[in-house]
Every structure is written in structure tokens, then in C-alpha cells.
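start_0.cif (mmCIF, N, CA and C atoms) appears below.
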data_structure
loop_
_atom_site.label_atom_id
_atom_site.label_comp_id
_atom_site.auth_asym_id
_atom_site.auth_seq_id
_atom_site.Cartn_x
_atom_site.Cartn_y
_atom_site.Cartn_z
N MET J 242 13.07 -15.73 -20.96
CA MET J 242 11.76 -15.30 -20.48
C MET J 242 10.88 -14.98 -21.68
N ASN J 243 9.62 -15.21 -21.53
CA ASN J 243 8.63 -14.92 -22.57
C ASN J 243 8.67 -13.43 -22.92
N GLU J 244 8.76 -13.10 -24.20
CA GLU J 244 8.84 -11.70 -24.64
C GLU J 244 7.59 -10.92 -24.30
N GLN J 245 6.47 -11.58 -24.06
CA GLN J 245 5.23 -10.87 -23.76
C GLN J 245 5.13 -10.44 -22.30
N VAL J 246 5.96 -10.98 -21.43
CA VAL J 246 5.92 -10.60 -20.02
C VAL J 246 6.59 -9.24 -19.86
N LYS J 247 5.83 -8.28 -19.37
CA LYS J 247 6.35 -6.93 -19.17
C LYS J 247 6.33 -6.50 -17.72
N LEU J 248 5.53 -7.20 -16.90
CA LEU J 248 5.37 -6.82 -15.51
C LEU J 248 5.14 -8.06 -14.65
N ILE J 249 5.85 -8.12 -13.52
CA ILE J 249 5.63 -9.15 -12.52
C ILE J 249 5.24 -8.44 -11.24
N LEU J 250 4.04 -8.74 -10.73
CA LEU J 250 3.57 -8.17 -9.46
C LEU J 250 3.59 -9.26 -8.40
N LEU J 251 4.11 -8.93 -7.24
CA LEU J 251 4.22 -9.89 -6.15
C LEU J 251 3.45 -9.41 -4.93
N ASP J 252 2.83 -10.34 -4.24
CA ASP J 252 2.25 -10.05 -2.94
C ASP J 252 3.39 -10.16 -1.92
N LEU J 253 3.14 -9.74 -0.71
CA LEU J 253 4.19 -9.79 0.31
C LEU J 253 4.09 -11.02 1.20
N ASP J 254 3.06 -11.06 2.02
CA ASP J 254 2.93 -12.12 3.02
C ASP J 254 2.69 -13.47 2.36
N GLY J 255 3.56 -14.41 2.69
CA GLY J 255 3.44 -15.75 2.14
C GLY J 255 3.95 -15.87 0.71
N THR J 256 4.46 -14.80 0.15
CA THR J 256 4.96 -14.84 -1.22
C THR J 256 6.39 -14.32 -1.29
N LEU J 257 6.58 -13.03 -1.11
CA LEU J 257 7.91 -12.43 -1.24
C LEU J 257 8.68 -12.40 0.07
N LEU J 258 8.03 -12.06 1.15
CA LEU J 258 8.74 -11.89 2.42
C LEU J 258 9.26 -13.22 2.94
N ASP J 259 10.42 -13.15 3.62
CA ASP J 259 11.00 -14.37 4.17
C ASP J 259 10.33 -14.75 5.49
N GLU J 260 10.87 -15.76 6.16
CA GLU J 260 10.26 -16.25 7.40
C GLU J 260 10.27 -15.22 8.53
N ASN J 261 11.07 -14.16 8.38
CA ASN J 261 11.11 -13.08 9.37
C ASN J 261 10.33 -11.85 8.91
N SER J 262 9.51 -12.03 7.88
CA SER J 262 8.71 -10.94 7.29
C SER J 262 9.58 -9.80 6.75
N LYS J 263 10.73 -10.16 6.22
CA LYS J 263 11.66 -9.20 5.62
C LYS J 263 11.78 -9.46 4.12
N VAL J 264 12.10 -8.41 3.38
CA VAL J 264 12.37 -8.55 1.95
C VAL J 264 13.73 -9.22 1.79
N PRO J 265 13.81 -10.31 1.03
CA PRO J 265 15.11 -10.99 0.85
C PRO J 265 16.14 -10.04 0.23
N VAL J 266 17.38 -10.16 0.65
CA VAL J 266 18.44 -9.28 0.14
C VAL J 266 18.62 -9.44 -1.36
N GLU J 267 18.30 -10.60 -1.91
CA GLU J 267 18.46 -10.85 -3.35
C GLU J 267 17.42 -10.11 -4.19
N PHE J 268 16.41 -9.56 -3.56
CA PHE J 268 15.32 -8.94 -4.32
C PHE J 268 15.81 -7.75 -5.15
N ALA J 269 16.71 -6.94 -4.63
CA ALA J 269 17.23 -5.79 -5.39
C ALA J 269 17.93 -6.26 -6.67
N ASP J 270 18.70 -7.34 -6.59
CA ASP J 270 19.36 -7.88 -7.78
C ASP J 270 18.33 -8.40 -8.78
N LEU J 271 17.28 -9.04 -8.27
CA LEU J 271 16.22 -9.54 -9.15
C LEU J 271 15.57 -8.40 -9.93
N ILE J 272 15.30 -7.30 -9.25
CA ILE J 272 14.69 -6.14 -9.93
C ILE J 272 15.59 -5.66 -11.06
N GLN J 273 16.89 -5.55 -10.78
CA GLN J 273 17.83 -5.07 -11.80
C GLN J 273 17.93 -6.03 -12.98
N LYS J 274 17.97 -7.32 -12.71
CA LYS J 274 18.05 -8.31 -13.79
C LYS J 274 16.79 -8.28 -14.65
N CYS J 275 15.65 -8.13 -14.01
CA CYS J 275 14.40 -8.07 -14.77
C CYS J 275 14.34 -6.80 -15.62
N LYS J 276 14.73 -5.67 -15.05
CA LYS J 276 14.74 -4.42 -15.81
C LYS J 276 15.65 -4.52 -17.02
N ALA J 277 16.77 -5.21 -16.87
CA ALA J 277 17.74 -5.36 -17.97
C ALA J 277 17.13 -6.10 -19.17
N ILE J 278 16.13 -6.93 -18.92
CA ILE J 278 15.49 -7.65 -20.03
C ILE J 278 14.10 -7.08 -20.34
N GLY J 279 13.82 -5.89 -19.80
CA GLY J 279 12.57 -5.21 -20.13
C GLY J 279 11.34 -5.63 -19.33
N VAL J 280 11.57 -6.25 -18.18
CA VAL J 280 10.45 -6.68 -17.33
C VAL J 280 10.47 -5.86 -16.05
N HIS J 281 9.35 -5.24 -15.73
CA HIS J 281 9.23 -4.47 -14.50
C HIS J 281 8.76 -5.39 -13.38
N VAL J 282 9.23 -5.13 -12.17
CA VAL J 282 8.82 -5.90 -10.99
C VAL J 282 8.15 -4.93 -10.03
N GLY J 283 7.03 -5.35 -9.47
CA GLY J 283 6.32 -4.49 -8.54
C GLY J 283 5.61 -5.28 -7.47
N ILE J 284 4.91 -4.55 -6.63
CA ILE J 284 4.22 -5.12 -5.47
C ILE J 284 2.73 -4.81 -5.58
N ALA J 285 1.90 -5.79 -5.25
CA ALA J 285 0.46 -5.60 -5.13
C ALA J 285 0.11 -6.00 -3.70
N SER J 286 -0.35 -5.03 -2.92
CA SER J 286 -0.53 -5.30 -1.49
C SER J 286 -1.72 -4.54 -0.92
N GLY J 287 -2.23 -5.05 0.16
CA GLY J 287 -3.25 -4.33 0.92
C GLY J 287 -2.63 -3.28 1.81
N ARG J 288 -1.32 -3.32 1.94
CA ARG J 288 -0.62 -2.35 2.80
C ARG J 288 -0.60 -0.96 2.15
N ASN J 289 -0.37 0.04 2.99
CA ASN J 289 -0.30 1.41 2.46
C ASN J 289 1.15 1.78 2.11
N ARG J 290 1.31 2.96 1.56
CA ARG J 290 2.63 3.42 1.10
C ARG J 290 3.65 3.41 2.22
N ALA J 291 3.28 3.91 3.39
CA ALA J 291 4.23 3.99 4.50
C ALA J 291 4.76 2.60 4.87
N ALA J 292 3.88 1.60 4.88
CA ALA J 292 4.31 0.24 5.21
C ALA J 292 5.24 -0.32 4.14
N LEU J 293 4.95 -0.04 2.86
CA LEU J 293 5.81 -0.53 1.78
C LEU J 293 7.16 0.18 1.78
N GLU J 294 7.16 1.48 2.06
CA GLU J 294 8.43 2.19 2.13
C GLU J 294 9.28 1.67 3.29
N LEU J 295 8.64 1.32 4.38
CA LEU J 295 9.35 0.75 5.52
C LEU J 295 9.96 -0.60 5.14
N ALA J 296 9.20 -1.42 4.44
CA ALA J 296 9.67 -2.76 4.05
C ALA J 296 10.76 -2.70 2.97
N PHE J 297 10.61 -1.79 1.99
CA PHE J 297 11.49 -1.80 0.82
C PHE J 297 12.54 -0.70 0.81
N GLY J 298 12.41 0.31 1.65
CA GLY J 298 13.37 1.40 1.66
C GLY J 298 13.45 2.07 0.30
N ASP J 299 14.67 2.29 -0.18
CA ASP J 299 14.89 2.97 -1.46
C ASP J 299 14.35 2.20 -2.66
N LEU J 300 14.17 0.89 -2.52
CA LEU J 300 13.63 0.09 -3.63
C LEU J 300 12.22 0.53 -4.02
N PHE J 301 11.48 1.10 -3.05
CA PHE J 301 10.12 1.56 -3.35
C PHE J 301 10.13 2.53 -4.53
N GLN J 302 11.16 3.35 -4.62
CA GLN J 302 11.27 4.36 -5.68
C GLN J 302 11.59 3.75 -7.04
N THR J 303 11.89 2.46 -7.10
CA THR J 303 12.28 1.83 -8.36
C THR J 303 11.19 0.92 -8.93
N MET J 304 10.10 0.74 -8.18
CA MET J 304 9.08 -0.24 -8.57
C MET J 304 7.74 0.42 -8.84
N CYS J 305 6.85 -0.35 -9.43
CA CYS J 305 5.45 0.05 -9.45
C CYS J 305 4.81 -0.67 -8.27
N CYS J 306 3.94 0.01 -7.57
CA CYS J 306 3.32 -0.57 -6.39
C CYS J 306 1.83 -0.29 -6.39
N ILE J 307 1.06 -1.35 -6.25
CA ILE J 307 -0.37 -1.25 -6.07
C ILE J 307 -0.60 -1.39 -4.58
N THR J 308 -1.07 -0.33 -3.94
CA THR J 308 -1.20 -0.31 -2.48
C THR J 308 -2.66 -0.17 -2.07
N ASN J 309 -2.90 -0.31 -0.79
CA ASN J 309 -4.23 -0.11 -0.23
C ASN J 309 -5.28 -0.93 -1.00
N ASN J 310 -4.94 -2.18 -1.32
CA ASN J 310 -5.85 -3.06 -2.08
C ASN J 310 -6.30 -2.44 -3.39
N GLY J 311 -5.42 -1.72 -4.05
CA GLY J 311 -5.72 -1.16 -5.36
C GLY J 311 -6.19 0.29 -5.34
N CYS J 312 -6.31 0.88 -4.16
CA CYS J 312 -6.82 2.26 -4.09
C CYS J 312 -5.77 3.30 -4.43
N ALA J 313 -4.52 3.03 -4.13
CA ALA J 313 -3.45 3.99 -4.43
C ALA J 313 -2.34 3.25 -5.16
N ASN J 314 -1.95 3.78 -6.31
CA ASN J 314 -0.96 3.12 -7.15
C ASN J 314 0.19 4.07 -7.45
N TYR J 315 1.40 3.51 -7.39
CA TYR J 315 2.61 4.31 -7.56
C TYR J 315 3.48 3.73 -8.66
N ILE J 316 4.10 4.61 -9.40
CA ILE J 316 5.11 4.22 -10.37
C ILE J 316 6.37 4.96 -10.00
N GLU J 317 7.40 4.20 -9.66
CA GLU J 317 8.69 4.74 -9.22
C GLU J 317 8.50 5.81 -8.14
N GLY J 318 7.68 5.50 -7.15
CA GLY J 318 7.49 6.37 -6.00
C GLY J 318 6.51 7.50 -6.17
N LYS J 319 6.01 7.71 -7.38
CA LYS J 319 5.07 8.81 -7.64
C LYS J 319 3.65 8.26 -7.75
N LEU J 320 2.71 8.93 -7.06
CA LEU J 320 1.32 8.51 -7.10
C LEU J 320 0.80 8.63 -8.53
N SER J 321 0.32 7.51 -9.09
CA SER J 321 -0.18 7.53 -10.46
C SER J 321 -1.70 7.51 -10.52
N SER J 322 -2.33 6.90 -9.52
CA SER J 322 -3.79 6.92 -9.46
C SER J 322 -4.23 6.69 -8.03
N TYR J 323 -5.40 7.23 -7.73
CA TYR J 323 -5.96 7.10 -6.39
C TYR J 323 -7.46 7.00 -6.50
N HIS J 324 -8.04 5.99 -5.90
CA HIS J 324 -9.48 5.78 -5.94
C HIS J 324 -10.00 5.89 -4.51
N TYR J 325 -11.03 6.65 -4.32
CA TYR J 325 -11.50 6.89 -2.96
C TYR J 325 -13.02 6.74 -2.88
N ILE J 326 -13.48 6.62 -1.64
CA ILE J 326 -14.92 6.57 -1.36
C ILE J 326 -15.37 7.97 -1.02
N ASN J 327 -16.50 8.37 -1.54
CA ASN J 327 -17.10 9.65 -1.23
C ASN J 327 -17.18 9.82 0.29
N LEU J 328 -16.89 11.02 0.79
CA LEU J 328 -16.85 11.27 2.23
C LEU J 328 -18.19 10.96 2.91
N ASP J 329 -19.32 11.28 2.27
CA ASP J 329 -20.62 10.97 2.87
C ASP J 329 -20.82 9.46 3.02
N VAL J 330 -20.43 8.71 2.01
CA VAL J 330 -20.53 7.25 2.08
C VAL J 330 -19.62 6.73 3.18
N CYS J 331 -18.43 7.26 3.22
CA CYS J 331 -17.46 6.85 4.23
C CYS J 331 -18.00 7.13 5.64
N GLU J 332 -18.59 8.28 5.83
CA GLU J 332 -19.15 8.64 7.13
C GLU J 332 -20.28 7.67 7.52
N ASN J 333 -21.13 7.31 6.55
CA ASN J 333 -22.21 6.35 6.81
C ASN J 333 -21.66 4.98 7.20
N ILE J 334 -20.64 4.54 6.51
CA ILE J 334 -20.02 3.25 6.83
C ILE J 334 -19.41 3.31 8.23
N TYR J 335 -18.77 4.43 8.53
CA TYR J 335 -18.16 4.61 9.85
C TYR J 335 -19.23 4.54 10.94
N GLN J 336 -20.33 5.26 10.77
CA GLN J 336 -21.40 5.26 11.76
C GLN J 336 -21.98 3.85 11.93
N TYR J 337 -22.20 3.16 10.83
CA TYR J 337 -22.71 1.79 10.89
C TYR J 337 -21.75 0.89 11.67
N SER J 338 -20.46 1.03 11.39
CA SER J 338 -19.48 0.19 12.07
C SER J 338 -19.47 0.46 13.57
N LYS J 339 -19.56 1.72 13.96
CA LYS J 339 -19.59 2.07 15.39
C LYS J 339 -20.83 1.50 16.06
N GLU J 340 -21.98 1.61 15.41
CA GLU J 340 -23.24 1.13 15.98
C GLU J 340 -23.27 -0.39 16.11
N ASN J 341 -22.48 -1.08 15.29
CA ASN J 341 -22.52 -2.53 15.26
C ASN J 341 -21.24 -3.20 15.77
N GLY J 342 -20.38 -2.42 16.41
CA GLY J 342 -19.16 -2.97 17.00
C GLY J 342 -18.17 -3.53 16.00
N ILE J 343 -18.14 -2.95 14.82
CA ILE J 343 -17.24 -3.40 13.76
C ILE J 343 -16.03 -2.47 13.71
N SER J 344 -14.83 -3.04 13.70
CA SER J 344 -13.62 -2.21 13.61
C SER J 344 -13.58 -1.49 12.27
N PHE J 345 -13.04 -0.29 12.26
CA PHE J 345 -13.04 0.53 11.06
C PHE J 345 -11.66 1.14 10.87
N LEU J 346 -11.07 0.93 9.71
CA LEU J 346 -9.81 1.56 9.33
C LEU J 346 -10.01 2.20 7.97
N LEU J 347 -9.51 3.38 7.81
CA LEU J 347 -9.58 4.07 6.53
C LEU J 347 -8.16 4.27 6.03
N HIS J 348 -7.86 3.67 4.89
CA HIS J 348 -6.53 3.82 4.30
C HIS J 348 -6.51 5.05 3.41
N LYS J 349 -5.43 5.82 3.54
CA LYS J 349 -5.15 6.92 2.63
C LYS J 349 -3.76 6.62 2.06
N PRO J 350 -3.38 7.27 0.98
CA PRO J 350 -2.05 6.95 0.43
C PRO J 350 -0.91 7.11 1.44
N GLU J 351 -1.01 8.10 2.31
CA GLU J 351 0.09 8.40 3.22
C GLU J 351 -0.02 7.75 4.58
N TYR J 352 -1.22 7.40 5.02
CA TYR J 352 -1.39 6.87 6.37
C TYR J 352 -2.70 6.12 6.49
N ILE J 353 -2.91 5.56 7.68
CA ILE J 353 -4.16 4.87 8.00
C ILE J 353 -4.84 5.63 9.12
N LEU J 354 -6.12 5.90 8.97
CA LEU J 354 -6.89 6.52 10.04
C LEU J 354 -7.54 5.42 10.87
N LEU J 355 -7.31 5.43 12.16
CA LEU J 355 -7.85 4.42 13.04
C LEU J 355 -9.29 4.75 13.40
N GLU J 356 -10.08 3.76 13.78
CA GLU J 356 -11.52 3.93 13.93
C GLU J 356 -11.94 5.10 14.81
N ASP J 357 -11.29 5.37 15.90
CA ASP J 357 -11.73 6.45 16.78
C ASP J 357 -11.16 7.80 16.39
N SER J 358 -10.34 7.87 15.37
CA SER J 358 -9.73 9.13 15.00
C SER J 358 -10.21 9.64 13.65
N LEU J 359 -11.18 8.95 13.05
CA LEU J 359 -11.58 9.29 11.69
C LEU J 359 -12.15 10.69 11.56
N PHE J 360 -13.06 11.05 12.43
CA PHE J 360 -13.73 12.34 12.26
C PHE J 360 -13.44 13.30 13.41
N ASN J 361 -12.24 13.19 13.97
CA ASN J 361 -11.79 14.17 14.95
C ASN J 361 -10.30 14.39 14.76
N ALA J 362 -9.71 15.21 15.57
CA ALA J 362 -8.32 15.62 15.36
C ALA J 362 -7.34 14.80 16.20
N SER J 363 -7.65 13.57 16.50
CA SER J 363 -6.78 12.75 17.32
C SER J 363 -5.41 12.57 16.68
N PRO J 364 -4.34 12.64 17.48
CA PRO J 364 -2.99 12.43 16.93
C PRO J 364 -2.78 11.01 16.43
N TYR J 365 -3.61 10.05 16.85
CA TYR J 365 -3.47 8.68 16.38
C TYR J 365 -3.76 8.55 14.89
N ALA J 366 -4.42 9.53 14.31
CA ALA J 366 -4.71 9.48 12.87
C ALA J 366 -3.43 9.48 12.06
N LEU J 367 -2.36 10.04 12.60
CA LEU J 367 -1.11 10.13 11.86
C LEU J 367 -0.10 9.07 12.31
N LEU J 368 -0.56 8.09 13.05
CA LEU J 368 0.30 7.09 13.64
C LEU J 368 1.23 6.42 12.62
N LEU J 369 0.73 6.12 11.44
CA LEU J 369 1.54 5.40 10.46
C LEU J 369 2.07 6.30 9.35
N SER J 370 1.92 7.60 9.51
CA SER J 370 2.41 8.48 8.44
C SER J 370 3.92 8.54 8.48
N LYS J 371 4.51 8.86 7.34
CA LYS J 371 5.96 8.91 7.23
C LYS J 371 6.48 10.19 7.82
#
Would you encode the structure as C-alpha cells?
Amino acid sequence: MNEQVKLILLDLDGTLLDENSKVPVEFADLIQKCKAIGVHVGIASGRNRAALELAFGDLFQTMCCITNNGCANYIEGKLSSYHYINLDVCENIYQYSKENGISFLLHKPEYILLEDSLFNASPYALLLSK
């Protein structure tokens, strides 16, 4: 392998996941082989942390993961950076989406807030939390 390669990031759908949308069993061995030669393997996905932990189980703690389309990033399971939209801007986007019949989802590192639960205490806001 090229000595300059230090990180391999993979997408999930259509790239890493098999025909059943599962992580191939060989993936854990691949991570170990890459680490042995100094190459880190990680995931870059639009999915949130809860979805990646569900897909990868304990492997999530061994990888770097770019989640939520780059908004939340993890190194070996620990949040390393988080980029967010100002709450006022978010509220304006939410109101616009409601007025124009546009679906609205707000990703947070731990869960996804569904369109009707964003600014109230609906239990559906925690639907995907771990």
C-alpha cells in the first residue's frame, strides 16, 4: 500500500453494505489489517451515530466516523467535532418547511428530531436515540 495513505473513508449504501444492507463479516478483519500497516478505516455517512452504532456494533468504537453529513464526527467513539445551525435559523427553516409542505428532519449527534416534534416535547423526538 502507498505509504502516504493514512485514512480510508467508506460510504455505506452502495459501497460497503452488502445486498442485505449489512456490514460484511470480513470488515472487522479489514480494519485490523489496515491498522497493522498504519492505515485507519472509517465511515463517512449521512446517517447519525445511533444508526452507525446499530450497523457496526462494537466496531463503531474502533473507527473514525463522519456522521450527519459531516455535522458530527467521532474518533474511536468519542465526539471530536460538531457543527450546528443556530437555533433561530433552524426555527426559520422549520417554519418555512411547514408553510410549504416540505418534510423537515433535524439531525443531532444522538438522535433525529422528526418534523412535528422539533419544537415541542413529543416522545417521537427520541425515536432513534440509543
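Within chain J, residues classed as strand (DSSP E or B) by DSSP on backbone coordinates are Leu248, Ile249, Leu250, Leu251, His281, Val282, Gly283, Ile284, Ala285, Cys305, Cys306, Ile307, Thr308, Ala313, Asn314, Tyr315, Ile316, Lys319, Leu320, Ser321, Ser322, Tyr323, Leu346, Leu347, His348, Ile353, Leu354 and Leu355 of chain J.
Note that the spacing between atom CA of His324 of chain J and atom N of Gln302 of chain J amounts to 20.8 Å.
Using only C-alpha atoms, the nearest neighbour of Lys247 of chain J within the list J:Lys319, J:Val280, J:Gly311, J:Lys274 is J:Val280.
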Please report, as a ChimeraX atom specification, each residue of chain J to which DSSP assigns helix (DSSP H, G or I) when run on this structure's backbone.
-> /J:253-257,268-277,290-303,309-311,328-340,356-358,364-367
Just how far from atom CA of Glu267 of chain J is atom CA of Gly283 of chain J, in Å to one decimal?
-> 14.7 Å
Take segment 249-260 of chain J, bring it up to all heavy atoms, and give me the output as a CSV table (one decimal), keeping the file's coordinate frame.
chain,number,residue,atom,x,y,z
J,249,ILE,N,5.8,-8.1,-13.5
J,249,ILE,CA,5.6,-9.2,-12.5
J,249,ILE,C,5.2,-8.4,-11.2
J,249,ILE,O,6.0,-7.6,-10.7
J,249,ILE,CB,6.9,-10.0,-12.3
J,249,ILE,CG1,7.3,-10.7,-13.6
J,249,ILE,CG2,6.7,-11.0,-11.1
J,249,ILE,CD1,8.7,-11.4,-13.5
J,250,LEU,N,4.0,-8.7,-10.7
J,250,LEU,CA,3.6,-8.2,-9.5
J,250,LEU,C,3.6,-9.3,-8.4
J,250,LEU,O,3.1,-10.4,-8.6
J,250,LEU,CB,2.2,-7.6,-9.6
J,250,LEU,CG,2.0,-6.4,-10.5
J,250,LEU,CD1,0.6,-6.0,-10.6
J,250,LEU,CD2,2.8,-5.2,-9.8
J,251,LEU,N,4.1,-8.9,-7.2
J,251,LEU,CA,4.2,-9.9,-6.2
J,251,LEU,C,3.4,-9.4,-4.9
J,251,LEU,O,3.4,-8.2,-4.6
J,251,LEU,CB,5.7,-10.1,-5.8
J,251,LEU,CG,6.6,-10.5,-6.9
J,251,LEU,CD1,8.1,-10.4,-6.5
J,251,LEU,CD2,6.3,-12.0,-7.2
J,252,ASP,N,2.8,-10.3,-4.2
J,252,ASP,CA,2.2,-10.0,-2.9
J,252,ASP,C,3.4,-10.2,-1.9
J,252,ASP,O,4.5,-10.6,-2.2
J,252,ASP,CB,1.1,-11.0,-2.6
J,252,ASP,CG,0.4,-10.7,-1.4
J,252,ASP,OD1,0.4,-9.6,-0.9
J,252,ASP,OD2,-0.3,-11.6,-0.8
J,253,LEU,N,3.1,-9.7,-0.7
J,253,LEU,CA,4.2,-9.8,0.3
J,253,LEU,C,4.1,-11.0,1.2
J,253,LEU,O,4.9,-11.9,1.1
J,253,LEU,CB,4.2,-8.5,1.2
J,253,LEU,CG,4.4,-7.2,0.4
J,253,LEU,CD1,4.3,-6.1,1.4
J,253,LEU,CD2,5.7,-7.2,-0.3
J,254,ASP,N,3.1,-11.1,2.0
J,254,ASP,CA,2.9,-12.1,3.0
J,254,ASP,C,2.7,-13.5,2.4
J,254,ASP,O,1.8,-13.6,1.6
J,254,ASP,CB,1.8,-11.8,4.0
J,254,ASP,CG,2.0,-10.4,4.7
J,254,ASP,OD1,3.1,-10.3,5.2
J,254,ASP,OD2,1.1,-9.6,4.6
J,255,GLY,N,3.6,-14.4,2.7
J,255,GLY,CA,3.4,-15.8,2.1
J,255,GLY,C,4.0,-15.9,0.7
J,255,GLY,O,3.9,-16.9,0.1
J,256,THR,N,4.5,-14.8,0.2
J,256,THR,CA,5.0,-14.8,-1.2
J,256,THR,C,6.4,-14.3,-1.3
J,256,THR,O,7.3,-15.1,-1.5
J,256,THR,CB,4.1,-14.0,-2.2
J,256,THR,OG1,2.7,-14.5,-2.0
J,256,THR,CG2,4.5,-14.1,-3.6
J,257,LEU,N,6.6,-13.0,-1.1
J,257,LEU,CA,7.9,-12.4,-1.2
J,257,LEU,C,8.7,-12.4,0.1
J,257,LEU,O,9.9,-12.7,0.1
J,257,LEU,CB,7.8,-11.0,-1.8
J,257,LEU,CG,9.1,-10.2,-1.9
J,257,LEU,CD1,10.1,-10.9,-2.9
J,257,LEU,CD2,8.9,-8.8,-2.3
J,258,LEU,N,8.0,-12.1,1.2
J,258,LEU,CA,8.7,-11.9,2.4
J,258,LEU,C,9.3,-13.2,2.9
J,258,LEU,O,8.6,-14.3,2.8
J,258,LEU,CB,7.8,-11.3,3.5
J,258,LEU,CG,7.3,-9.9,3.1
J,258,LEU,CD1,6.4,-9.3,4.2
J,258,LEU,CD2,8.4,-8.9,2.7
J,259,ASP,N,10.4,-13.2,3.6
J,259,ASP,CA,11.0,-14.4,4.2
J,259,ASP,C,10.3,-14.8,5.5
J,259,ASP,O,9.3,-14.1,5.9
J,259,ASP,CB,12.5,-14.2,4.3
J,259,ASP,CG,12.9,-13.2,5.4
J,259,ASP,OD1,12.1,-12.8,6.2
J,259,ASP,OD2,14.1,-12.7,5.3
J,260,GLU,N,10.9,-15.8,6.2
J,260,GLU,CA,10.3,-16.2,7.4
J,260,GLU,C,10.3,-15.2,8.5
J,260,GLU,O,9.5,-15.3,9.5
J,260,GLU,CB,10.9,-17.5,7.9
J,260,GLU,CG,12.4,-17.4,8.2
J,260,GLU,CD,13.3,-17.5,7.0
J,260,GLU,OE1,12.9,-17.7,5.9
J,260,GLU,OE2,14.5,-17.2,7.2
